[in-house]
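Coordinates as given in entry23.pdb (PDB, C-alpha atoms):
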ATOM      1  CA  MET A  83     -13.616  -9.720  12.453
ATOM      2  CA  PHE A  84     -13.543  -8.553   8.842
ATOM      3  CA  ALA A  85     -15.094  -5.087   8.848
ATOM      4  CA  PRO A  86     -14.004  -3.277   5.663
ATOM      5  CA  ASP A  87     -14.184   0.492   5.533
ATOM      6  CA  GLU A  88     -12.014   1.194   2.476
ATOM      7  CA  ILE A  89     -11.670   0.282  -1.179
ATOM      8  CA  ILE A  90      -8.247   0.431  -2.805
ATOM      9  CA  PHE A  91      -8.443   0.618  -6.583
ATOM     10  CA  VAL A  92      -5.644  -0.465  -8.937
ATOM     11  CA  PRO A  93      -6.211   1.717 -12.027
ATOM     12  CA  THR A  94      -3.648  -0.190 -14.081
ATOM     13  CA  GLN A  95      -1.223  -3.059 -13.773
ATOM     14  CA  LYS A  96       1.291  -1.171 -15.902
ATOM     15  CA  CYS A  97       4.365   0.241 -14.216
ATOM     16  CA  ASN A  98       7.281   2.355 -15.357
ATOM     17  CA  LEU A  99       9.744   0.550 -13.060
ATOM     18  CA  LYS A 100      11.007  -3.003 -12.719
ATOM     19  CA  CYS A 101      11.715  -3.239  -9.004
ATOM     20  CA  SER A 102      13.867  -6.037  -7.646
ATOM     21  CA  HIS A 103      11.418  -6.907  -4.856
ATOM     22  CA  CYS A 104       8.224  -6.897  -6.949
ATOM     23  CA  TYR A 105       6.761 -10.016  -8.531
ATOM     24  CA  VAL A 106       3.452  -8.552  -9.729
ATOM     25  CA  PRO A 107       3.280  -8.960 -13.535
ATOM     26  CA  ASN A 108       3.734  -5.687 -15.421
ATOM     27  CA  GLN A 109       0.854  -5.867 -17.881
ATOM     28  CA  PRO A 110      -1.235  -3.363 -19.915
ATOM     29  CA  VAL A 111      -4.413  -4.173 -17.973
ATOM     30  CA  ASN A 112      -6.673  -1.273 -16.980
ATOM     31  CA  LEU A 113      -9.612  -1.356 -14.570
ATOM     32  CA  PRO A 114     -12.868  -0.234 -16.267
ATOM     33  CA  VAL A 115     -13.730   3.103 -14.690
ATOM     34  CA  GLU A 116     -17.497   2.692 -15.136
ATOM     35  CA  LYS A 117     -17.463  -0.606 -13.228
ATOM     36  CA  ALA A 118     -15.279   0.908 -10.520
ATOM     37  CA  CYS A 119     -17.600   3.893 -10.046
ATOM     38  CA  ALA A 120     -20.641   1.618  -9.822
ATOM     39  CA  PHE A 121     -18.866  -0.631  -7.310
ATOM     40  CA  LEU A 122     -17.948   2.381  -5.185
ATOM     41  CA  CYS A 123     -21.505   3.730  -5.238
ATOM     42  CA  ASP A 124     -22.876   0.410  -3.991
ATOM     43  CA  ALA A 125     -20.117   0.090  -1.400
ATOM     44  CA  VAL A 126     -20.815   3.508   0.096
ATOM     45  CA  LYS A 127     -24.413   2.446   0.713
ATOM     46  CA  GLU A 128     -23.026  -0.438   2.790
ATOM     47  CA  GLY A 129     -20.734   1.695   4.939
ATOM     48  CA  ILE A 130     -17.519   2.044   2.938
ATOM     49  CA  ASP A 131     -16.251   5.601   3.324
ATOM     50  CA  ARG A 132     -12.549   5.530   2.390
ATOM     51  CA  VAL A 133     -10.844   5.332  -1.003
ATOM     52  CA  GLY A 134      -7.232   4.721  -1.984
ATOM     53  CA  PHE A 135      -5.206   3.863  -5.085
ATOM     54  CA  SER A 136      -2.366   1.429  -5.691
ATOM     55  CA  GLY A 137      -0.740  -0.275  -8.649
ATOM     56  CA  GLY A 138       1.021  -0.846 -10.928
ATOM     57  CA  GLU A 139       1.647   2.855 -11.134
ATOM     58  CA  PRO A 140      -1.709   4.643 -10.693
ATOM     59  CA  PHE A 141      -0.598   7.770 -12.529
ATOM     60  CA  LEU A 142      -0.140   5.752 -15.731
ATOM     61  CA  ASN A 143      -3.950   5.709 -15.860
ATOM     62  CA  VAL A 144      -4.514   9.200 -14.546
ATOM     63  CA  ASP A 145      -7.924   9.619 -16.217
ATOM     64  CA  PHE A 146      -9.206   6.737 -14.085
ATOM     65  CA  VAL A 147      -7.789   8.322 -10.935
ATOM     66  CA  LEU A 148      -9.353  11.710 -11.648
ATOM     67  CA  THR A 149     -12.744  10.197 -12.475
ATOM     68  CA  LEU A 150     -12.760   8.079  -9.303
ATOM     69  CA  VAL A 151     -11.638  11.031  -7.191
ATOM     70  CA  LYS A 152     -14.514  13.154  -8.458
ATOM     71  CA  LYS A 153     -16.970  10.305  -7.866
ATOM     72  CA  ALA A 154     -15.616   9.772  -4.348
ATOM     73  CA  VAL A 155     -15.941  13.482  -3.581
ATOM     74  CA  SER A 156     -19.567  13.422  -4.732
ATOM     75  CA  LEU A 157     -20.162  10.508  -2.340
ATOM     76  CA  ASP A 158     -18.490  12.308   0.600
ATOM     77  CA  CYS A 159     -15.733   9.701   0.849
ATOM     78  CA  ILE A 160     -12.488  10.180   2.737
ATOM     79  CA  PHE A 161      -9.225   9.686   0.850
ATOM     80  CA  ASP A 162      -6.476   7.499   2.255
ATOM     81  CA  ARG A 163      -3.447   7.441  -0.042
ATOM     82  CA  ILE A 164      -2.257   7.109  -3.610
ATOM     83  CA  MET A 165       0.774   4.833  -3.829
ATOM     84  CA  THR A 166       3.271   6.013  -6.452
ATOM     85  CA  ASN A 167       6.932   5.659  -7.314
ATOM     86  CA  GLY A 168       6.995   9.381  -8.072
ATOM     87  CA  VAL A 169       9.038   9.118 -11.277
ATOM     88  CA  TRP A 170       6.406   8.236 -13.903
ATOM     89  CA  TRP A 171       6.395  11.727 -15.461
ATOM     90  CA  ARG A 172       8.340  12.831 -18.527
ATOM     91  CA  ASP A 173       8.856  16.515 -17.714
ATOM     92  CA  LYS A 174       7.913  19.007 -15.018
ATOM     93  CA  ALA A 175       5.150  20.494 -17.140
ATOM     94  CA  GLU A 176       3.382  17.123 -17.260
ATOM     95  CA  LEU A 177       3.985  16.565 -13.549
ATOM     96  CA  THR A 178       2.560  19.938 -12.574
ATOM     97  CA  GLU A 179      -0.450  19.535 -14.858
ATOM     98  CA  VAL A 180      -1.346  16.112 -13.440
ATOM     99  CA  LEU A 181      -0.887  17.042  -9.785
ATOM    100  CA  GLN A 182      -2.850  20.263 -10.274
ATOM    101  CA  ALA A 183      -5.678  18.286 -11.888
ATOM    102  CA  LEU A 184      -5.608  15.872  -8.947
ATOM    103  CA  CYS A 185      -5.844  18.742  -6.480
ATOM    104  CA  ASP A 186      -8.595  20.470  -8.460
ATOM    105  CA  ALA A 187     -10.584  17.218  -8.589
ATOM    106  CA  GLY A 188     -10.751  17.318  -4.805
ATOM    107  CA  TYR A 189      -8.124  14.788  -3.773
ATOM    108  CA  ASP A 190      -6.932  15.707  -0.280
ATOM    109  CA  GLY A 191      -5.467  12.400   0.911
ATOM    110  CA  HIS A 192      -1.813  11.473   1.100
ATOM    111  CA  ILE A 193       0.419  10.853  -1.885
ATOM    112  CA  ALA A 194       2.648   8.024  -0.677
ATOM    113  CA  VAL A 195       5.968   7.706  -2.480
ATOM    114  CA  SER A 196       7.525   4.238  -2.458
ATOM    115  CA  PHE A 197      11.202   5.019  -1.958
ATOM    116  CA  ASP A 198      13.989   2.591  -1.089
ATOM    117  CA  VAL A 199      16.842   0.584  -2.560
ATOM    118  CA  TYR A 200      14.387  -1.787  -4.256
ATOM    119  CA  HIS A 201      12.585   0.924  -6.222
ATOM    120  CA  ASN A 202      15.965   2.626  -6.662
ATOM    121  CA  GLN A 203      14.663   5.831  -8.190
ATOM    122  CA  ASP A 204      16.862   8.786  -8.993
ATOM    123  CA  GLU A 205      16.795  10.966  -5.874
ATOM    124  CA  ARG A 206      16.702  14.187  -7.888
ATOM    125  CA  LYS A 207      13.562  13.146  -9.739
ATOM    126  CA  VAL A 208      11.855  12.059  -6.499
ATOM    127  CA  ALA A 209      12.783  15.394  -4.927
ATOM    128  CA  ASP A 210      11.292  17.230  -7.911
ATOM    129  CA  PHE A 211       8.079  15.224  -7.514
ATOM    130  CA  ILE A 212       7.840  16.045  -3.816
ATOM    131  CA  GLU A 213       8.603  19.741  -4.273
ATOM    132  CA  THR A 214       6.044  20.029  -7.084
ATOM    133  CA  ALA A 215       3.376  18.404  -4.911
ATOM    134  CA  TYR A 216       4.207  20.804  -2.083
ATOM    135  CA  SER A 217       3.864  23.723  -4.487
ATOM    136  CA  VAL A 218       0.537  22.544  -5.900
ATOM    137  CA  TYR A 219      -1.021  21.716  -2.539
ATOM    138  CA  GLN A 220       0.627  24.618  -0.711
ATOM    139  CA  ASN A 221       1.476  22.412   2.266
ATOM    140  CA  ARG A 222       3.856  19.596   3.191
ATOM    141  CA  ASP A 223       1.231  17.286   4.671
ATOM    142  CA  CYS A 224       0.303  15.904   1.254
ATOM    143  CA  ILE A 225       3.362  13.641   0.900
ATOM    144  CA  GLU A 226       4.550  10.629   2.868
ATOM    145  CA  ILE A 227       7.145   7.965   2.131
ATOM    146  CA  VAL A 228       6.663   4.208   2.394
ATOM    147  CA  SER A 229       9.791   2.037   2.328
ATOM    148  CA  VAL A 230      10.472  -1.685   2.274
ATOM    149  CA  LEU A 231      12.610  -3.037   5.125
ATOM    150  CA  ASP A 232      14.330  -6.420   5.009
ATOM    151  CA  SER A 233      14.692  -8.173   8.373
ATOM    152  CA  VAL A 234      17.134 -10.701   6.899
ATOM    153  CA  HIS A 235      19.440  -8.459   4.861
ATOM    154  CA  PRO A 236      20.163  -5.290   6.893
ATOM    155  CA  GLU A 237      22.719  -4.207   4.304
ATOM    156  CA  ASN A 238      19.821  -3.412   1.966
ATOM    157  CA  ASN A 239      18.218  -1.275   4.658
ATOM    158  CA  GLU A 240      21.466   0.638   5.030
ATOM    159  CA  LYS A 241      21.440   1.369   1.294
ATOM    160  CA  THR A 242      17.895   2.688   1.653
ATOM    161  CA  PHE A 243      18.954   4.969   4.516
ATOM    162  CA  GLN A 244      21.801   6.278   2.342
ATOM    163  CA  LYS A 245      19.247   7.169  -0.318
ATOM    164  CA  PHE A 246      17.292   9.052   2.347
ATOM    165  CA  SER A 247      20.375  11.114   3.134
ATOM    166  CA  LYS A 248      20.706  12.090  -0.527
ATOM    167  CA  LEU A 249      17.010  12.931  -0.767
ATOM    168  CA  ALA A 250      17.143  15.007   2.412
ATOM    169  CA  ALA A 251      20.047  17.044   1.059
ATOM    170  CA  LEU A 252      18.136  17.787  -2.146
ATOM    171  CA  LEU A 253      15.064  18.857  -0.160
ATOM    172  CA  LYS A 254      17.201  20.910   2.253
ATOM    173  CA  ALA A 255      15.947  18.780   5.116
ATOM    174  CA  GLU A 256      17.551  16.726   7.872
ATOM    175  CA  VAL A 257      17.234  12.987   8.479
ATOM    176  CA  GLN A 258      15.654  12.085  11.818
ATOM    177  CA  SER A 259      16.194   8.485  12.963
ATOM    178  CA  ASP A 260      14.906   6.378  15.843
ATOM    179  CA  GLU A 261      16.970   4.647  18.523
ATOM    180  CA  ILE A 262      17.755   1.664  16.275
ATOM    181  CA  GLY A 263      18.782   3.762  13.293
ATOM    182  CA  ARG A 264      15.656   3.624  11.142
ATOM    183  CA  VAL A 265      14.738   6.865   9.403
ATOM    184  CA  GLU A 266      11.559   8.238  11.007
ATOM    185  CA  CYS A 267      11.187  11.370   8.919
ATOM    186  CA  LEU A 268      12.936  14.101   7.008
ATOM    187  CA  GLN A 269      12.649  17.327   8.980
ATOM    188  CA  PHE A 270      12.648  20.713   7.300
ATOM    189  CA  THR A 271      14.130  23.833   8.838
ATOM    190  CA  ASP A 272      10.949  25.836   8.357
ATOM    191  CA  LYS A 273       7.189  25.467   8.464
ATOM    192  CA  ILE A 274       4.743  26.425   5.719
ATOM    193  CA  ASP A 275       1.883  28.517   7.068
ATOM    194  CA  THR A 276      -1.344  26.592   6.377
ATOM    195  CA  PHE A 277      -4.749  26.104   7.970
ATOM    196  CA  PHE A 278      -3.491  22.846   9.535
ATOM    197  CA  ILE A 279      -2.969  23.166  13.274
ATOM    198  CA  ASP A 280      -0.286  21.092  15.002
ATOM    199  CA  ASP A 281       2.381  21.583  17.628
ATOM    200  CA  ARG A 282       5.372  20.893  15.394
ATOM    201  CA  GLU A 283       7.995  23.598  15.124
ATOM    202  CA  PHE A 284       9.081  22.402  11.679
ATOM    203  CA  ASP A 285       7.417  20.535   8.820
ATOM    204  CA  ILE A 286       8.333  16.895   8.355
ATOM    205  CA  LEU A 287       8.167  14.292   5.609
ATOM    206  CA  PRO A 288       7.064  11.135   7.494
ATOM    207  CA  VAL A 289       8.398   7.671   6.701
ATOM    208  CA  SER A 290       6.668   4.336   7.342
ATOM    209  CA  TYR A 291       7.759   0.800   6.547
ATOM    210  CA  ILE A 292       6.494  -2.512   5.225
ATOM    211  CA  ASP A 293       8.288  -5.848   5.493
ATOM    212  CA  TYR A 294      10.127  -7.343   2.560
ATOM    213  CA  THR A 295       8.493 -10.615   1.536
ATOM    214  CA  PRO A 296      10.370 -12.928  -0.860
ATOM    215  CA  GLU A 297       8.685 -14.254  -3.980
ATOM    216  CA  ASN A 298       9.677 -17.780  -2.976
ATOM    217  CA  ILE A 299       7.628 -18.407   0.166
ATOM    218  CA  LEU A 300      10.011 -21.192   1.200
ATOM    219  CA  GLU A 301      13.139 -19.009   1.089
ATOM    220  CA  PRO A 302      15.011 -20.553   4.065
ATOM    221  CA  GLU A 303      16.480 -17.289   5.364
ATOM    222  CA  TYR A 304      13.013 -15.910   6.090
ATOM    223  CA  TRP A 305      12.013 -18.880   8.258
ATOM    224  CA  LYS A 306      14.790 -18.582  10.839
ATOM    225  CA  SER A 307      13.090 -16.245  13.314
ATOM    226  CA  LYS A 308      13.309 -17.122  16.998
ATOM    227  CA  LYS A 309       9.704 -16.069  17.515
ATOM    228  CA  TRP A 310       6.544 -16.036  15.461
ATOM    229  CA  PHE A 311       5.082 -12.764  14.159
ATOM    230  CA  ILE A 312       2.907 -10.655  16.451
ATOM    231  CA  GLU A 313      -0.793 -11.325  15.933
ATOM    232  CA  ASP A 314      -2.779  -8.283  14.802
ATOM    233  CA  PHE A 315      -5.629 -10.035  12.958
ATOM    234  CA  CYS A 316      -4.461  -8.116   9.878
ATOM    235  CA  GLU A 317      -5.575  -4.761  11.243
ATOM    236  CA  SER A 318      -2.661  -3.046   9.501
ATOM    237  CA  ILE A 319      -3.296  -4.291   5.950
ATOM    238  CA  GLY A 320      -6.697  -5.944   6.120
ATOM    239  CA  ASN A 321     -10.256  -4.708   6.396
ATOM    240  CA  VAL A 322     -10.184  -3.380   2.855
ATOM    241  CA  TYR A 323     -11.450  -4.409  -0.532
ATOM    242  CA  TYR A 324      -8.513  -4.309  -2.925
ATOM    243  CA  VAL A 325      -9.728  -4.126  -6.520
ATOM    244  CA  HIS A 326      -7.072  -5.405  -8.910
ATOM    245  CA  ALA A 327      -6.760  -4.007 -12.425
ATOM    246  CA  ASN A 328      -8.510  -7.092 -13.829
ATOM    247  CA  GLY A 329     -11.461  -6.509 -11.499
ATOM    248  CA  ASP A 330     -10.642  -9.217  -8.951
ATOM    249  CA  VAL A 331     -11.518  -8.120  -5.423
ATOM    250  CA  ALA A 332      -9.187  -9.199  -2.627
ATOM    251  CA  VAL A 333      -9.802  -8.678   1.078
ATOM    252  CA  CYS A 334      -6.229  -7.626   1.765
ATOM    253  CA  CYS A 335      -3.689  -5.133   0.440
ATOM    254  CA  GLY A 336      -0.662  -7.199   1.453
ATOM    255  CA  TYR A 337       1.640  -9.574  -0.404
ATOM    256  CA  ALA A 338      -0.914 -12.407  -0.457
ATOM    257  CA  ASN A 339      -3.694 -10.459  -2.126
ATOM    258  CA  GLU A 340      -3.331 -12.233  -5.471
ATOM    259  CA  CYS A 341      -3.910 -15.660  -3.906
ATOM    260  CA  ALA A 342      -7.241 -17.254  -4.815
ATOM    261  CA  GLY A 343      -8.179 -17.739  -1.163
ATOM    262  CA  LEU A 344      -8.332 -13.974  -0.659
ATOM    263  CA  ILE A 345     -10.235 -13.174  -3.882
ATOM    264  CA  MET A 346     -13.953 -12.802  -3.200
ATOM    265  CA  GLY A 347     -15.150 -12.024  -6.718
ATOM    266  CA  ASN A 348     -14.781  -9.683  -9.674
ATOM    267  CA  ILE A 349     -16.489  -6.321 -10.161
ATOM    268  CA  ASN A 350     -16.898  -7.007 -13.881
ATOM    269  CA  THR A 351     -19.280  -9.891 -13.199
ATOM    270  CA  MET A 352     -20.466  -9.526  -9.590
ATOM    271  CA  SER A 353     -22.246  -6.887  -7.545
ATOM    272  CA  TYR A 354     -20.843  -5.406  -4.365
ATOM    273  CA  ALA A 355     -23.549  -7.228  -2.402
ATOM    274  CA  LEU A 356     -22.504 -10.630  -3.747
ATOM    275  CA  ILE A 357     -18.818  -9.991  -3.097
ATOM    276  CA  GLN A 358     -19.590  -8.800   0.420
ATOM    277  CA  GLU A 359     -21.754 -11.870   1.039
ATOM    278  CA  LYS A 360     -18.941 -14.173  -0.069
ATOM    279  CA  ALA A 361     -16.467 -12.368   2.199
ATOM    280  CA  PHE A 362     -18.720 -12.622   5.232
ATOM    281  CA  GLU A 363     -19.357 -16.302   4.524
ATOM    282  CA  SER A 364     -15.602 -16.885   4.396
ATOM    283  CA  CYS A 365     -15.382 -15.269   7.832
ATOM    284  CA  LYS A 366     -17.686 -18.001   9.131
ATOM    285  CA  THR A 367     -16.330 -21.100   7.432
ATOM    286  CA  GLY A 368     -13.473 -20.160   5.087
ATOM    287  CA  PHE A 369      -9.963 -18.747   5.128
ATOM    288  CA  LEU A 370     -11.044 -15.349   6.428
ATOM    289  CA  LYS A 371     -12.094 -17.052   9.654
ATOM    290  CA  THR A 372      -8.445 -18.019  10.103
ATOM    291  CA  VAL A 373      -7.218 -14.508   9.323
ATOM    292  CA  TYR A 374      -9.723 -12.252  11.052
ATOM    293  CA  CYS A 375     -11.307 -14.435  13.748
ATOM    294  CA  ASP A 376      -9.002 -17.238  14.887
ATOM    295  CA  GLY A 377      -5.755 -15.517  13.897
ATOM    296  CA  LEU A 378      -2.810 -16.533  11.732
ATOM    297  CA  LEU A 379      -0.632 -16.955  14.816
ATOM    298  CA  ASN A 380      -3.102 -19.479  16.192
ATOM    299  CA  ALA A 381      -2.889 -21.392  12.911
ATOM    300  CA  ALA A 382       0.914 -21.376  13.055
ATOM    301  CA  GLN A 383       0.980 -22.633  16.625
ATOM    302  CA  LYS A 384      -1.527 -25.396  15.871
ATOM    303  CA  LEU A 385       0.579 -26.648  12.969
ATOM    304  CA  GLU A 386       3.661 -26.469  15.151
ATOM    305  CA  SER A 387       1.963 -28.428  17.968
ATOM    306  CA  ALA A 388       0.840 -31.071  15.480
ATOM    307  CA  ASP A 389       4.458 -31.510  14.335
ATOM    308  CA  PHE A 390       3.564 -30.354  10.830
ATOM    309  CA  PRO A 391       6.800 -29.986   8.810
ATOM    310  CA  LEU A 392       6.867 -26.190   8.722
ATOM    311  CA  PRO A 393       9.868 -24.514   7.049
ATOM    312  CA  GLY A 394      10.613 -22.806  10.384
ATOM    313  CA  LYS A 395       9.374 -19.690  12.162
ATOM    314  CA  THR A 396       8.810 -16.336  10.477
ATOM    315  CA  ASN A 397       8.217 -12.888  11.947
ATOM    316  CA  ASN A 398       6.375 -11.873   8.762
ATOM    317  CA  ASN A 399       2.630 -12.517   8.935
ATOM    318  CA  CYS A 400       2.210 -11.836   5.189
ATOM    319  CA  LEU A 401       4.737 -14.551   4.385
ATOM    320  CA  PHE A 402       2.942 -17.034   6.628
ATOM    321  CA  CYS A 403      -0.411 -16.086   5.104
ATOM    322  CA  ARG A 404       0.907 -16.786   1.601
ATOM    323  CA  TYR A 405       2.397 -20.025   2.882
ATOM    324  CA  LEU A 406      -0.990 -21.156   4.226
ATOM    325  CA  LEU A 407      -2.746 -20.199   1.006
ATOM    326  CA  SER A 408      -0.175 -22.002  -1.128
ATOM    327  CA  SER A 409       0.270 -25.179   0.917
ATOM    328  CA  SER A 410      -1.731 -28.300   1.737
ATOM    329  CA  HIS A 411      -2.123 -29.136   5.422
TER     330      HIS A 411
END

Show the structure stored in the file as structure tokens.
Amino acid sequence: MFAPDEIIFVPTQKCNLKCSHCYVPNQPVNLPVEKACAFLCDAVKEGIDRVGFSGGEPFLNVDFVLTLVKKAVSLDCIFDRIMTNGVWWRDKAELTEVLQALCDAGYDGHIAVSFDVYHNQDERKVADFIETAYSVYQNRDCIEIVSVLDSVHPENNEKTFQKFSKLAALLKAEVQSDEIGRVECLQFTDKIDTFFIDDREFDILPVSYIDYTPENILEPEYWKSKKWFIEDFCESIGNVYYVHANGDVAVCCGYANECAGLIMGNINTMSYALIQEKAFESCKTGFLKTVYCDGLLNAAQKLESADFPLPGKTNNNCLFCRYLLSSSH
């Protein structure tokens, strides 16, 4: 069932990078901060208690971020993460000033750096970003890394892991990998003394992954899986309101969140109550019933049983979701 507990705001659709995997238009569109604050206030009254930021590059509209952080603090919200490429800054003075302002505003969530072969940032500049954040926050729990993995082209994953090795060397850390060779974290050789209590001997920089999803939903290579994706009723990327820079509110933070079937309204013209009402109605009779109640896997298997001409099987639930939203059945 759709039970949102978080709002992810996109402060701007502008970005300083042109990543090979990204098909979101890079446009000078900024989310009105007054509308966003009002939307958050109404949402908190209805049980929303978590706030995050995505993009675009959020730090290209840092005034929005700082204003929303202060508003969220005043509403006793919990912070999730700010997604960033970590290389938006011009010099270290600007970087330090912005991160210090973020800390002073009360932001205590994660700063998640998108780092892989697709973003292809300079490792030295990413290392400088991470080290500056550690210095400002006086702990190493403030940073995490999120990388894109490609199930079809493992050679791209290997290039990402090579970038991790370079980053680890710059941070004077060691790469820790799992049994199949994926980087799990970068482990430091020391531990900063903070008020956080854990049983780790050394600090780590954790790494998590999201699946690569091609812009062309019919890309044949991504429909050759032997098995369908595992059903999770979108627990990993759903149950959020994702507010795009133009004010559109999606009920997903995945690759399909610009599709009309996942847009429940716009904060520039609709109240939180109306958007919530539309979302809950969709859970009863619309597409959200398929996603959160019946399950995308169930939809795939029904089409398969009915001999619908599917492009194949995919292990990527986001790809199948976009396929459903873009196709006529």

Å distance separating CA of Asp314 in chain A from CA of Asp162 in chain A, one decimal place: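 CA of Asp162 in chain A lies at a distance of 20.5 Å from CA of Asp314 in chain A.
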
Expansion of the PyMOL selection byres ((chain A and resi 124) around 12) into residues, as number ranges by chain: A: 89, 117-123, 125-131, 154, 157, 349, 352-358

Target residues per the PyMOL selection byres ((chain A and resi 149) around 12), formatted as a list in words: Pro93, Pro114, Val115, Glu116, Lys117, Ala118, Cys119, Ala120, Leu122, Asn143, Val144, Asp145, Phe146, Val147, Leu148, Leu150, Val151, Lys152, Lys153, Ala154, Val155, Ser156, Ala183, Leu184, Asp186, Ala187, Gly188 and Tyr189 of chain A

Residues within 6 Å of range 316-331 of chain A, please, as an mmCIF file with C-alpha atoms, in the coordinates of the input. Count all atoms listed in the file; anything in the same chain fewer than 4 positions from it doesn't count.
data_model
loop_
_atom_site.group_PDB
_atom_site.id
_atom_site.type_symbol
_atom_site.label_atom_id
_atom_site.label_comp_id
_atom_site.auth_asym_id
_atom_site.auth_seq_id
_atom_site.Cartn_x
_atom_site.Cartn_y
_atom_site.Cartn_z
ATOM 1 C CA PHE A 84 -13.543 -8.553 8.842
ATOM 2 C CA ALA A 85 -15.094 -5.087 8.848
ATOM 3 C CA PRO A 86 -14.004 -3.277 5.663
ATOM 4 C CA GLU A 88 -12.014 1.194 2.476
ATOM 5 C CA ILE A 89 -11.670 0.282 -1.179
ATOM 6 C CA ILE A 90 -8.247 0.431 -2.805
ATOM 7 C CA PHE A 91 -8.443 0.618 -6.583
ATOM 8 C CA VAL A 92 -5.644 -0.465 -8.937
ATOM 9 C CA PRO A 93 -6.211 1.717 -12.027
ATOM 10 C CA THR A 94 -3.648 -0.190 -14.081
ATOM 11 C CA GLN A 95 -1.223 -3.059 -13.773
ATOM 12 C CA ASN A 112 -6.673 -1.273 -16.980
ATOM 13 C CA LEU A 113 -9.612 -1.356 -14.570
ATOM 14 C CA CYS A 335 -3.689 -5.133 0.440
ATOM 15 C CA GLY A 336 -0.662 -7.199 1.453
ATOM 16 C CA ILE A 345 -10.235 -13.174 -3.882
ATOM 17 C CA MET A 346 -13.953 -12.802 -3.200
ATOM 18 C CA GLY A 347 -15.150 -12.024 -6.718
ATOM 19 C CA ASN A 348 -14.781 -9.683 -9.674
ATOM 20 C CA ILE A 349 -16.489 -6.321 -10.161
ATOM 21 C CA ASN A 350 -16.898 -7.007 -13.881
#

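Among the candidate residues A:Ala250, A:Cys400, A:Val234, A:Cys365, the one lying nearest to Val208 in chain A is A:Ala250, with distances computed using all atoms listed in the file.
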
CA of His201 in chain A to CA of Pro140 in chain A, straight-line distance in Å: 15.4 Å

The PyMOL selection byres ((chain A and resi 177) around 12) resolved against shown file, as a list in words: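 Matching residues under the PyMOL selection byres ((chain A and resi 177) around 12) are Phe141, Leu142, Val144, Gly168, Val169, Trp170, Trp171, Arg172, Asp173, Lys174, Ala175, Glu176, Thr178, Glu179, Val180, Leu181, Gln182, Ala183, Leu184, Lys207, Val208, Asp210, Phe211, Ile212, Glu213, Thr214, Ala215, Ser217 and Val218 of chain A.
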
Please reconstruct the missing atoms of range 241-253 of chain A (target: N, CA and C atoms) and return them as a CSV table (one decimal), in the coordinates of the input.
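Dumped everything to part.csv:
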chain,number,residue,atom,x,y,z
A,241,LYS,N,21.4,0.7,2.6
A,241,LYS,CA,21.4,1.4,1.3
A,241,LYS,C,20.2,2.3,1.1
A,242,THR,N,19.1,1.8,1.7
A,242,THR,CA,17.9,2.7,1.7
A,242,THR,C,18.1,3.9,2.5
A,243,PHE,N,18.7,3.8,3.7
A,243,PHE,CA,19.0,5.0,4.5
A,243,PHE,C,19.9,5.9,3.9
A,244,GLN,N,20.9,5.4,3.1
A,244,GLN,CA,21.8,6.3,2.3
A,244,GLN,C,21.0,7.1,1.3
A,245,LYS,N,20.1,6.4,0.7
A,245,LYS,CA,19.2,7.2,-0.3
A,245,LYS,C,18.4,8.3,0.4
A,246,PHE,N,18.0,8.0,1.6
A,246,PHE,CA,17.3,9.1,2.3
A,246,PHE,C,18.2,10.3,2.6
A,247,SER,N,19.4,10.0,2.9
A,247,SER,CA,20.4,11.1,3.1
A,247,SER,C,20.5,12.0,1.9
A,248,LYS,N,20.6,11.3,0.7
A,248,LYS,CA,20.7,12.1,-0.5
A,248,LYS,C,19.4,12.9,-0.8
A,249,LEU,N,18.3,12.2,-0.5
A,249,LEU,CA,17.0,12.9,-0.8
A,249,LEU,C,16.9,14.1,0.2
A,250,ALA,N,17.2,13.9,1.4
A,250,ALA,CA,17.1,15.0,2.4
A,250,ALA,C,18.0,16.2,2.0
A,251,ALA,N,19.2,15.9,1.5
A,251,ALA,CA,20.0,17.0,1.1
A,251,ALA,C,19.4,17.8,-0.1
A,252,LEU,N,18.8,17.1,-1.0
A,252,LEU,CA,18.1,17.8,-2.1
A,252,LEU,C,16.9,18.6,-1.7
A,253,LEU,N,16.2,18.1,-0.7
A,253,LEU,CA,15.1,18.9,-0.2
A,253,LEU,C,15.4,19.9,0.9
